[in-house]
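J.: Quick one: this structure, given as structure tokens, is what I'll be asking you about.
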Amino acid sequence: MDDEELRKGDEITKSLLQAIEDSKIAIVVLSENYASSSFCLEELSKILDSMKDKADCSILPIFYKVDPSDIRKLQKTYGEAMAKHMANSNPNLDKWKASLDQVASLCGSHYKKG
């Protein structure tokens, strides 16, 4: 899938959903501001939903300048982002929190510098 098709703020397209469904591996790069993007959170939920019943699929989280425990506990920028989504009465909030908790519990790579 070519990311030139996506524009900031767009909803997940059918072609992106199909690409997620067809994938055998998903690399999710979680950065300090990841949770501020409803698009990223929705995409993460779709990735986790798609791969939960596929035995031959893997999700590799990359924790870039963020601690997985801050994601699980919704602390620092992750807590701030979720508070903003809550203030906007986002109906997907619980699903996104569960998705963040799930991906932060996976074994992944950590990068503190870069």
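Identifiers for the structure tokens are assigned positionally: chains receive A, B, ... in sequence, residues are indexed from 1 per chain, and ligands are indexed from 1 in the order shown.
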Quick check for you: according to DSSP on this backbone, which residues of chain A are classed as strand (DSSP E or B)? Reply as a list of chain:residue names.
T.: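 The residues of chain A classed as strand (DSSP E or B) are A:Ile25, A:Ala26, A:Ile27, A:Val28, A:Val29, A:Leu30, A:Ser58, A:Ile59, A:Leu60, A:Pro61, A:Ile62, A:Phe63, A:Tyr64, A:Ser109, A:His110, A:Tyr111.
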J.: If we count only C-alpha atoms, what is near Lys52 in chain A at a cut-off of 12 Å, once residues fewer than 4 positions away on the same chain are taken out, given as a list in words?
T.: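 My list of contacting residues is Glu21, Lys24, Ile25, Ala26, Ser45, Lys46, Ile47, Leu48, Asp56, Cys57, Ser58, Ile59, Ser99, Gln102 and Val103 of chain A.
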J.: Considering only C-alpha atoms, tabulate each residue of range 42-89 of chain A that lies at most 6 Å from range 32-37 of chain A along with its nearest interatomic pair and the corresponding distance in Å to one decimal; arrange the rows by chain and ascending residue number and present them as CSV.
T.:
```
residue,atom,partner,partner_atom,distance
A:Val66,CA,A:Glu32,CA,5.7
A:Tyr78,CA,A:Ala35,CA,5.7
A:Ala81,CA,A:Ser36,CA,4.8
```
J.: For the residues in that selection, give me N, CA and C atoms as a PDB file, in the first residue's frame.
T.:
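What landed in again01.pdb:
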```
ATOM      1  N   VAL A  66       9.336   6.171  23.823  1.00  0.00           N
ATOM      2  CA  VAL A  66       8.189   6.009  24.716  1.00  0.00           C
ATOM      3  C   VAL A  66       8.337   4.683  25.460  1.00  0.00           C
ATOM      4  N   TYR A  78       0.361   9.804  26.507  1.00  0.00           N
ATOM      5  CA  TYR A  78      -0.748   8.889  26.213  1.00  0.00           C
ATOM      6  C   TYR A  78      -1.970   9.216  27.070  1.00  0.00           C
ATOM      7  N   ALA A  81      -3.441  12.506  25.676  1.00  0.00           N
ATOM      8  CA  ALA A  81      -4.173  12.288  24.426  1.00  0.00           C
ATOM      9  C   ALA A  81      -5.531  11.639  24.685  1.00  0.00           C
TER      10      ALA A  81
END
```
J.: Counting only C-alpha atoms, which residue out of A:Lys84, A:Lys65, A:Lys54, A:Lys14 sits closest to Ser38 in chain A?
T.: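 Residue with the minimum atom-to-atom distance to Ser38 in chain A: A:Lys84.
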